[in-house]
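Novice: Pasting in a structure now, in structure tokens, and then I'll have a few things to ask.
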Amino acid sequence: MPRLISVIVLTGLMLGGCTTDRQTDPQRTATEELLISSAADRAAEQLSLDLGPGKKAFLDATNFEGLDSKYAIATIRSSLLKKGTHFVGDKKEADTIVEIRAGALSIDKHETLVGVPSFNLPIPLAGQLATPEIAIYKSEDQEGIAKFGATAYDAKDGHFVAESTPPLGRAHITKHVILVVSWTHDDVHGNGDGDKKETTIFEP
């Protein structure tokens, strides 16, 4: 029995050493950041407000919360600037207040596995050993989703001026694995208009 346990432990260690995949040191991967920022860009591009000619606006992001909120606020400001909105830095100088909010700014993940998932193997007197995942077929789909809203009201008396229907921005990265071959579909490395880039990676 001790010899059998030793063989199992040694085999697990050998297999586990082939499956280590260190992607990043920060809390979130660059892939996750790309998904969120790309979705935010696409949602912000759809925002549109008609404030009237010559109106000065102040961007109020007090109620705006979510992952990478600073980037999202900046991309909303940029999008509205390109469409003719004149922003001022002091609320007292504004004719109109543009209040923005986030209904969604995060990532959905879906995974399908045909094969043997990783599991913890109890080792007497040594704790547990995580076995490597064996994938005959595997797909990992990550989708960034952003939903923004913007409401404009008069800076002096607070009456309603305009509102933009909350648009939905999406970005995705899908990875497929069949045995030792993997390839990825995504729309975050293109030119931002929905182009997809496909790569094929051979892994040992």
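Following the order of the structure tokens, first chain is A, next is B, and so on, with residues numbered from 1 inside each chain and ligands from 1 in the order they appear.
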Give me the residues near segment 57-61 of chain A as a VMD selection string, where near means some atom within 8 Å (using only C-alpha atoms) and where sequence neighbours in that chain fewer than 4 positions away do not count.
Specialist: chain A and resid 73 77 85 to 91 94 to 101
Novice: For N, CA and C atoms, I'd like the residues from the last selection saved as a PDB file, in the first residue's frame.
Specialist:
ATOM      1  N   ILE A  73     -16.068  56.424 -16.780  1.00  0.00           N
ATOM      2  CA  ILE A  73     -16.479  57.829 -16.712  1.00  0.00           C
ATOM      3  C   ILE A  73     -15.734  58.645 -17.768  1.00  0.00           C
ATOM      4  N   ARG A  77     -17.329  60.706 -20.946  1.00  0.00           N
ATOM      5  CA  ARG A  77     -17.033  62.122 -21.189  1.00  0.00           C
ATOM      6  C   ARG A  77     -16.497  62.323 -22.603  1.00  0.00           C
ATOM      7  N   THR A  85     -20.987  68.106 -26.749  1.00  0.00           N
ATOM      8  CA  THR A  85     -21.265  68.573 -25.389  1.00  0.00           C
ATOM      9  C   THR A  85     -20.107  69.425 -24.880  1.00  0.00           C
ATOM     10  N   HIS A  86     -20.412  70.565 -24.303  1.00  0.00           N
ATOM     11  CA  HIS A  86     -19.391  71.477 -23.764  1.00  0.00           C
ATOM     12  C   HIS A  86     -19.374  71.329 -22.247  1.00  0.00           C
ATOM     13  N   PHE A  87     -18.347  70.661 -21.725  1.00  0.00           N
ATOM     14  CA  PHE A  87     -18.257  70.430 -20.286  1.00  0.00           C
ATOM     15  C   PHE A  87     -17.442  71.523 -19.601  1.00  0.00           C
ATOM     16  N   VAL A  88     -17.849  71.845 -18.387  1.00  0.00           N
ATOM     17  CA  VAL A  88     -17.087  72.769 -17.541  1.00  0.00           C
ATOM     18  C   VAL A  88     -16.720  72.033 -16.253  1.00  0.00           C
ATOM     19  N   GLY A  89     -15.656  72.506 -15.600  1.00  0.00           N
ATOM     20  CA  GLY A  89     -15.180  71.820 -14.408  1.00  0.00           C
ATOM     21  C   GLY A  89     -15.841  72.237 -13.119  1.00  0.00           C
ATOM     22  N   ASP A  90     -16.576  73.329 -13.143  1.00  0.00           N
ATOM     23  CA  ASP A  90     -17.230  73.839 -11.937  1.00  0.00           C
ATOM     24  C   ASP A  90     -18.751  73.773 -12.115  1.00  0.00           C
ATOM     25  N   LYS A  91     -19.397  73.112 -11.192  1.00  0.00           N
ATOM     26  CA  LYS A  91     -20.845  72.948 -11.271  1.00  0.00           C
ATOM     27  C   LYS A  91     -21.581  74.285 -11.307  1.00  0.00           C
ATOM     28  N   ALA A  94     -22.187  75.742 -14.810  1.00  0.00           N
ATOM     29  CA  ALA A  94     -22.932  74.937 -15.779  1.00  0.00           C
ATOM     30  C   ALA A  94     -24.375  75.404 -15.939  1.00  0.00           C
ATOM     31  N   ASP A  95     -24.877  75.271 -17.147  1.00  0.00           N
ATOM     32  CA  ASP A  95     -26.297  75.482 -17.427  1.00  0.00           C
ATOM     33  C   ASP A  95     -27.083  74.197 -17.187  1.00  0.00           C
ATOM     34  N   THR A  96     -26.393  73.080 -17.445  1.00  0.00           N
ATOM     35  CA  THR A  96     -27.033  71.765 -17.367  1.00  0.00           C
ATOM     36  C   THR A  96     -26.148  70.792 -16.597  1.00  0.00           C
ATOM     37  N   ILE A  97     -26.780  69.956 -15.791  1.00  0.00           N
ATOM     38  CA  ILE A  97     -26.071  68.881 -15.091  1.00  0.00           C
ATOM     39  C   ILE A  97     -26.364  67.573 -15.815  1.00  0.00           C
ATOM     40  N   VAL A  98     -25.302  66.852 -16.180  1.00  0.00           N
ATOM     41  CA  VAL A  98     -25.452  65.540 -16.811  1.00  0.00           C
ATOM     42  C   VAL A  98     -25.070  64.487 -15.776  1.00  0.00           C
ATOM     43  N   GLU A  99     -26.068  63.777 -15.310  1.00  0.00           N
ATOM     44  CA  GLU A  99     -25.843  62.752 -14.285  1.00  0.00           C
ATOM     45  C   GLU A  99     -25.754  61.387 -14.961  1.00  0.00           C
ATOM     46  N   ILE A 100     -24.659  60.681 -14.712  1.00  0.00           N
ATOM     47  CA  ILE A 100     -24.466  59.368 -15.348  1.00  0.00           C
ATOM     48  C   ILE A 100     -24.520  58.263 -14.297  1.00  0.00           C
ATOM     49  N   ARG A 101     -24.881  57.076 -14.753  1.00  0.00           N
ATOM     50  CA  ARG A 101     -25.005  55.924 -13.863  1.00  0.00           C
ATOM     51  C   ARG A 101     -24.642  54.654 -14.624  1.00  0.00           C
TER      52      ARG A 101
END
Novice: Contacts of segment 176-180 of chain A at 6 Å or less, counting only C-alpha atoms, minus same-chain residues fewer than 6 places along, as number ranges by chain?
Specialist: A: 135-139, 203
Novice: Let me see the file: selected residues, N, CA and C atoms, as a short mmCIF file (atom, residue, chain, number, x, y, z; two decimals), in the first residue's frame.
Specialist:
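The result, stored in result-v8.cif:
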data_model
loop_
_atom_site.label_atom_id
_atom_site.label_comp_id
_atom_site.auth_asym_id
_atom_site.auth_seq_id
_atom_site.Cartn_x
_atom_site.Cartn_y
_atom_site.Cartn_z
N ALA A 135 -8.80 17.58 -20.45
CA ALA A 135 -9.89 18.08 -21.29
C ALA A 135 -9.85 17.43 -22.67
N ILE A 136 -10.89 16.65 -22.99
CA ILE A 136 -11.06 16.18 -24.35
C ILE A 136 -11.57 17.35 -25.20
N TYR A 137 -12.55 18.07 -24.63
CA TYR A 137 -13.02 19.33 -25.23
C TYR A 137 -13.37 20.28 -24.10
N LYS A 138 -12.99 21.54 -24.28
CA LYS A 138 -13.29 22.55 -23.27
C LYS A 138 -13.50 23.90 -23.95
N SER A 139 -14.50 24.63 -23.49
CA SER A 139 -14.68 26.00 -23.97
C SER A 139 -14.85 26.92 -22.77
N GLU A 203 -0.31 23.68 -27.77
CA GLU A 203 0.27 23.56 -26.43
C GLU A 203 0.79 22.14 -26.22
#
Novice: Report as a VMD selection string all protein, DNA and RNA residues lying within 7 Å of Glu143 of chain A, evaluated on only C-alpha atoms, omitting residues in the same chain fewer than 5 positions from it.
Specialist: chain A and resid 35 107 to 109 170 to 173
Novice: Can those selected residues be exported to a file as an mmCIF file, in the first residue's frame so that it contains N, CA and C atoms?
Specialist:
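Okay, result-v1.cif is ready:
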data_model
loop_
_atom_site.group_PDB
_atom_site.id
_atom_site.type_symbol
_atom_site.label_atom_id
_atom_site.label_comp_id
_atom_site.auth_asym_id
_atom_site.auth_seq_id
_atom_site.Cartn_x
_atom_site.Cartn_y
_atom_site.Cartn_z
ATOM 1 N N LEU A 35 -11.872 43.198 -21.527
ATOM 2 C CA LEU A 35 -13.295 42.926 -21.711
ATOM 3 C C LEU A 35 -14.148 44.056 -21.144
ATOM 4 N N ILE A 107 -18.201 41.180 -15.769
ATOM 5 C CA ILE A 107 -17.915 40.075 -16.686
ATOM 6 C C ILE A 107 -18.752 38.856 -16.321
ATOM 7 N N ASP A 108 -19.340 38.222 -17.331
ATOM 8 C CA ASP A 108 -19.986 36.918 -17.180
ATOM 9 C C ASP A 108 -19.037 35.851 -17.724
ATOM 10 N N LYS A 109 -18.975 34.711 -17.033
ATOM 11 C CA LYS A 109 -18.106 33.626 -17.463
ATOM 12 C C LYS A 109 -18.907 32.333 -17.561
ATOM 13 N N ARG A 170 -21.114 45.206 -25.287
ATOM 14 C CA ARG A 170 -20.640 43.838 -25.042
ATOM 15 C C ARG A 170 -19.272 43.622 -25.680
ATOM 16 N N ALA A 171 -18.472 42.759 -25.053
ATOM 17 C CA ALA A 171 -17.188 42.332 -25.612
ATOM 18 C C ALA A 171 -16.966 40.897 -25.157
ATOM 19 N N HIS A 172 -16.372 40.075 -26.022
ATOM 20 C CA HIS A 172 -16.218 38.677 -25.618
ATOM 21 C C HIS A 172 -14.882 38.089 -26.031
ATOM 22 N N ILE A 173 -14.477 37.090 -25.279
ATOM 23 C CA ILE A 173 -13.319 36.260 -25.614
ATOM 24 C C ILE A 173 -13.712 34.818 -25.327
#
Novice: Restricting the calculation to only C-alpha atoms: of A:Ala44, A:Pro132, A:Thr75, A:Ala104, which residue gets closest to Val116 of chain A?
Specialist: A:Pro132
Novice: Enumerate the residues of segment 9-176 of chain A with a DSSP assignment of strand (DSSP E or B), computed from the backbone, and present them as a PDB file with C-alpha atoms, in the first residue's frame.
Specialist:
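The new file selection30.pdb reads:
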ATOM      1  CA  LYS A  56     -22.423  74.389 -20.730  1.00  0.00           C
ATOM      2  CA  ALA A  57     -22.664  71.070 -18.897  1.00  0.00           C
ATOM      3  CA  PHE A  58     -21.209  69.580 -15.738  1.00  0.00           C
ATOM      4  CA  LEU A  59     -20.667  65.798 -15.607  1.00  0.00           C
ATOM      5  CA  ASP A  60     -21.960  64.385 -12.317  1.00  0.00           C
ATOM      6  CA  HIS A  86     -19.391  71.477 -23.764  1.00  0.00           C
ATOM      7  CA  PHE A  87     -18.257  70.430 -20.286  1.00  0.00           C
ATOM      8  CA  THR A  96     -27.033  71.765 -17.367  1.00  0.00           C
ATOM      9  CA  ILE A  97     -26.071  68.881 -15.091  1.00  0.00           C
ATOM     10  CA  VAL A  98     -25.452  65.540 -16.811  1.00  0.00           C
ATOM     11  CA  GLU A  99     -25.843  62.752 -14.285  1.00  0.00           C
ATOM     12  CA  ILE A 100     -24.466  59.368 -15.348  1.00  0.00           C
ATOM     13  CA  ARG A 101     -25.005  55.924 -13.863  1.00  0.00           C
ATOM     14  CA  ALA A 102     -23.925  52.334 -14.494  1.00  0.00           C
ATOM     15  CA  GLY A 103     -26.467  49.520 -14.679  1.00  0.00           C
ATOM     16  CA  ALA A 104     -23.774  46.942 -15.414  1.00  0.00           C
ATOM     17  CA  LEU A 105     -19.997  46.976 -15.667  1.00  0.00           C
ATOM     18  CA  SER A 106     -18.664  43.486 -15.135  1.00  0.00           C
ATOM     19  CA  ILE A 107     -17.915  40.075 -16.686  1.00  0.00           C
ATOM     20  CA  ASP A 108     -19.986  36.918 -17.180  1.00  0.00           C
ATOM     21  CA  LYS A 109     -18.106  33.626 -17.463  1.00  0.00           C
ATOM     22  CA  HIS A 110     -19.322  30.310 -18.861  1.00  0.00           C
ATOM     23  CA  GLU A 111     -17.355  27.062 -19.071  1.00  0.00           C
ATOM     24  CA  THR A 112     -18.020  23.699 -20.701  1.00  0.00           C
ATOM     25  CA  LEU A 113     -15.795  20.669 -20.078  1.00  0.00           C
ATOM     26  CA  VAL A 114     -15.878  17.221 -21.636  1.00  0.00           C
ATOM     27  CA  GLY A 115     -13.259  15.229 -19.780  1.00  0.00           C
ATOM     28  CA  VAL A 116     -12.021  14.890 -16.214  1.00  0.00           C
ATOM     29  CA  ASN A 120      -8.312  17.070  -4.677  1.00  0.00           C
ATOM     30  CA  LEU A 121      -6.697  13.702  -3.986  1.00  0.00           C
ATOM     31  CA  PRO A 122      -6.256  12.972  -0.265  1.00  0.00           C
ATOM     32  CA  ILE A 123      -2.716  11.914   0.625  1.00  0.00           C
ATOM     33  CA  GLY A 127      -2.917  16.689   3.067  1.00  0.00           C
ATOM     34  CA  GLN A 128      -4.365  16.941  -0.446  1.00  0.00           C
ATOM     35  CA  LEU A 129      -2.981  16.999  -3.971  1.00  0.00           C
ATOM     36  CA  ALA A 130      -4.839  18.715  -6.818  1.00  0.00           C
ATOM     37  CA  ILE A 134      -7.860  16.423 -18.536  1.00  0.00           C
ATOM     38  CA  ALA A 135      -9.893  18.080 -21.292  1.00  0.00           C
ATOM     39  CA  ILE A 136     -11.062  16.181 -24.355  1.00  0.00           C
ATOM     40  CA  TYR A 137     -13.016  19.327 -25.230  1.00  0.00           C
ATOM     41  CA  LYS A 138     -13.293  22.552 -23.269  1.00  0.00           C
ATOM     42  CA  SER A 139     -14.683  25.995 -23.972  1.00  0.00           C
ATOM     43  CA  GLU A 140     -14.277  29.077 -21.799  1.00  0.00           C
ATOM     44  CA  ASP A 141     -16.417  32.068 -22.691  1.00  0.00           C
ATOM     45  CA  GLN A 142     -15.926  35.450 -21.030  1.00  0.00           C
ATOM     46  CA  GLU A 143     -18.203  38.362 -21.867  1.00  0.00           C
ATOM     47  CA  GLY A 144     -17.773  41.929 -20.678  1.00  0.00           C
ATOM     48  CA  ILE A 145     -21.068  43.795 -20.298  1.00  0.00           C
ATOM     49  CA  ALA A 146     -21.608  47.522 -19.758  1.00  0.00           C
ATOM     50  CA  LYS A 147     -24.859  49.445 -19.433  1.00  0.00           C
ATOM     51  CA  PHE A 148     -24.792  53.217 -18.908  1.00  0.00           C
ATOM     52  CA  GLY A 149     -27.494  55.803 -18.445  1.00  0.00           C
ATOM     53  CA  ALA A 150     -27.353  59.604 -18.648  1.00  0.00           C
ATOM     54  CA  THR A 151     -29.933  62.165 -17.559  1.00  0.00           C
ATOM     55  CA  ALA A 152     -29.604  65.924 -18.026  1.00  0.00           C
ATOM     56  CA  TYR A 153     -31.418  68.500 -15.923  1.00  0.00           C
ATOM     57  CA  ASP A 154     -31.311  72.285 -15.583  1.00  0.00           C
ATOM     58  CA  PHE A 160     -35.708  67.699 -16.960  1.00  0.00           C
ATOM     59  CA  VAL A 161     -33.733  68.498 -20.118  1.00  0.00           C
ATOM     60  CA  ALA A 162     -32.834  65.223 -21.854  1.00  0.00           C
ATOM     61  CA  GLU A 163     -32.108  61.553 -21.323  1.00  0.00           C
ATOM     62  CA  SER A 164     -30.220  58.855 -23.212  1.00  0.00           C
ATOM     63  CA  LEU A 168     -25.689  47.936 -23.734  1.00  0.00           C
ATOM     64  CA  GLY A 169     -22.048  47.348 -24.676  1.00  0.00           C
ATOM     65  CA  ARG A 170     -20.640  43.838 -25.042  1.00  0.00           C
ATOM     66  CA  ALA A 171     -17.188  42.332 -25.612  1.00  0.00           C
ATOM     67  CA  HIS A 172     -16.218  38.677 -25.618  1.00  0.00           C
ATOM     68  CA  ILE A 173     -13.319  36.260 -25.614  1.00  0.00           C
ATOM     69  CA  THR A 174     -13.955  32.548 -26.173  1.00  0.00           C
ATOM     70  CA  LYS A 175     -11.271  29.892 -25.903  1.00  0.00           C
ATOM     71  CA  HIS A 176     -11.727  26.355 -27.264  1.00  0.00           C
TER      72      HIS A 176
END
Novice: Quick one, how far is atom CA of Lys83 of chain A from atom CA of Leu51 of chain A?
Specialist: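 Atom CA of Lys83 of chain A sits 10.9 Å away from atom CA of Leu51 of chain A.
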Novice: Return as a ChimeraX atom specification the full set of residues in segment 11-131 of chain A whose backbone-based DSSP assignment is alpha helix (DSSP H).
Specialist: /A:11-16,30-45,69-82
Novice: Once you have the residues from the selection above, write them out as a JSON list (two decimals), in the first residue's frame, restricted to C-alpha atoms.
Specialist:
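Result written to result.json:
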[["chain", "number", "residue", "atom", "x", "y", "z"],
["A", 11, "THR", "CA", 2.36, 10.55, -10.98],
["A", 12, "GLY", "CA", 0.18, 13.43, -9.81],
["A", 13, "LEU", "CA", 3.19, 15.66, -9.30],
["A", 14, "MET", "CA", 4.54, 14.86, -12.78],
["A", 15, "LEU", "CA", 1.19, 15.58, -14.42],
["A", 16, "GLY", "CA", 0.56, 18.69, -12.35],
["A", 30, "ALA", "CA", -5.31, 41.94, -18.67],
["A", 31, "THR", "CA", -7.99, 39.90, -20.46],
["A", 32, "GLU", "CA", -10.58, 40.86, -17.86],
["A", 33, "GLU", "CA", -9.56, 44.51, -18.06],
["A", 34, "LEU", "CA", -9.82, 44.44, -21.87],
["A", 35, "LEU", "CA", -13.29, 42.93, -21.71],
["A", 36, "ILE", "CA", -14.59, 45.57, -19.30],
["A", 37, "SER", "CA", -12.98, 48.53, -21.06],
["A", 38, "SER", "CA", -14.10, 47.36, -24.53],
["A", 39, "ALA", "CA", -17.68, 46.90, -23.33],
["A", 40, "ALA", "CA", -17.53, 50.35, -21.70],
["A", 41, "ASP", "CA", -16.27, 51.94, -24.93],
["A", 42, "ARG", "CA", -19.14, 50.43, -26.91],
["A", 43, "ALA", "CA", -21.80, 51.45, -24.41],
["A", 44, "ALA", "CA", -20.42, 55.00, -24.17],
["A", 45, "GLU", "CA", -20.40, 55.37, -27.97],
["A", 69, "SER", "CA", -15.35, 53.16, -13.03],
["A", 70, "LYS", "CA", -12.74, 55.87, -13.64],
["A", 71, "TYR", "CA", -12.08, 54.53, -17.15],
["A", 72, "ALA", "CA", -15.80, 54.25, -17.85],
["A", 73, "ILE", "CA", -16.48, 57.83, -16.71],
["A", 74, "ALA", "CA", -13.63, 59.11, -18.89],
["A", 75, "THR", "CA", -14.86, 57.24, -21.96],
["A", 76, "ILE", "CA", -18.41, 58.59, -21.42],
["A", 77, "ARG", "CA", -17.03, 62.12, -21.19],
["A", 78, "SER", "CA", -14.98, 61.56, -24.34],
["A", 79, "SER", "CA", -17.97, 60.21, -26.27],
["A", 80, "LEU", "CA", -20.22, 63.13, -25.31],
["A", 81, "LEU", "CA", -17.46, 65.65, -26.07],
["A", 82, "LYS", "CA", -17.15, 64.24, -29.58]]
Novice: For atom CA of Asp157 of chain A and atom CA of Gln46 of chain A, quote the distance in Å rounded to one decimal.
Specialist: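 Interatomic distance, atom CA of Asp157 of chain A to atom CA of Gln46 of chain A: 27.9 Å.
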Novice: Work out how far atom CA of Thr131 of chain A is from atom CA of Phe119 of chain A, in Å to one decimal.
Specialist: 5.5 Å
Novice: Taking into account only C-alpha atoms, which residue in the set A:Glu133, A:Pro166, A:Gly158, A:Ser182 is nearest to Ser118 of chain A?
Specialist: A:Glu133
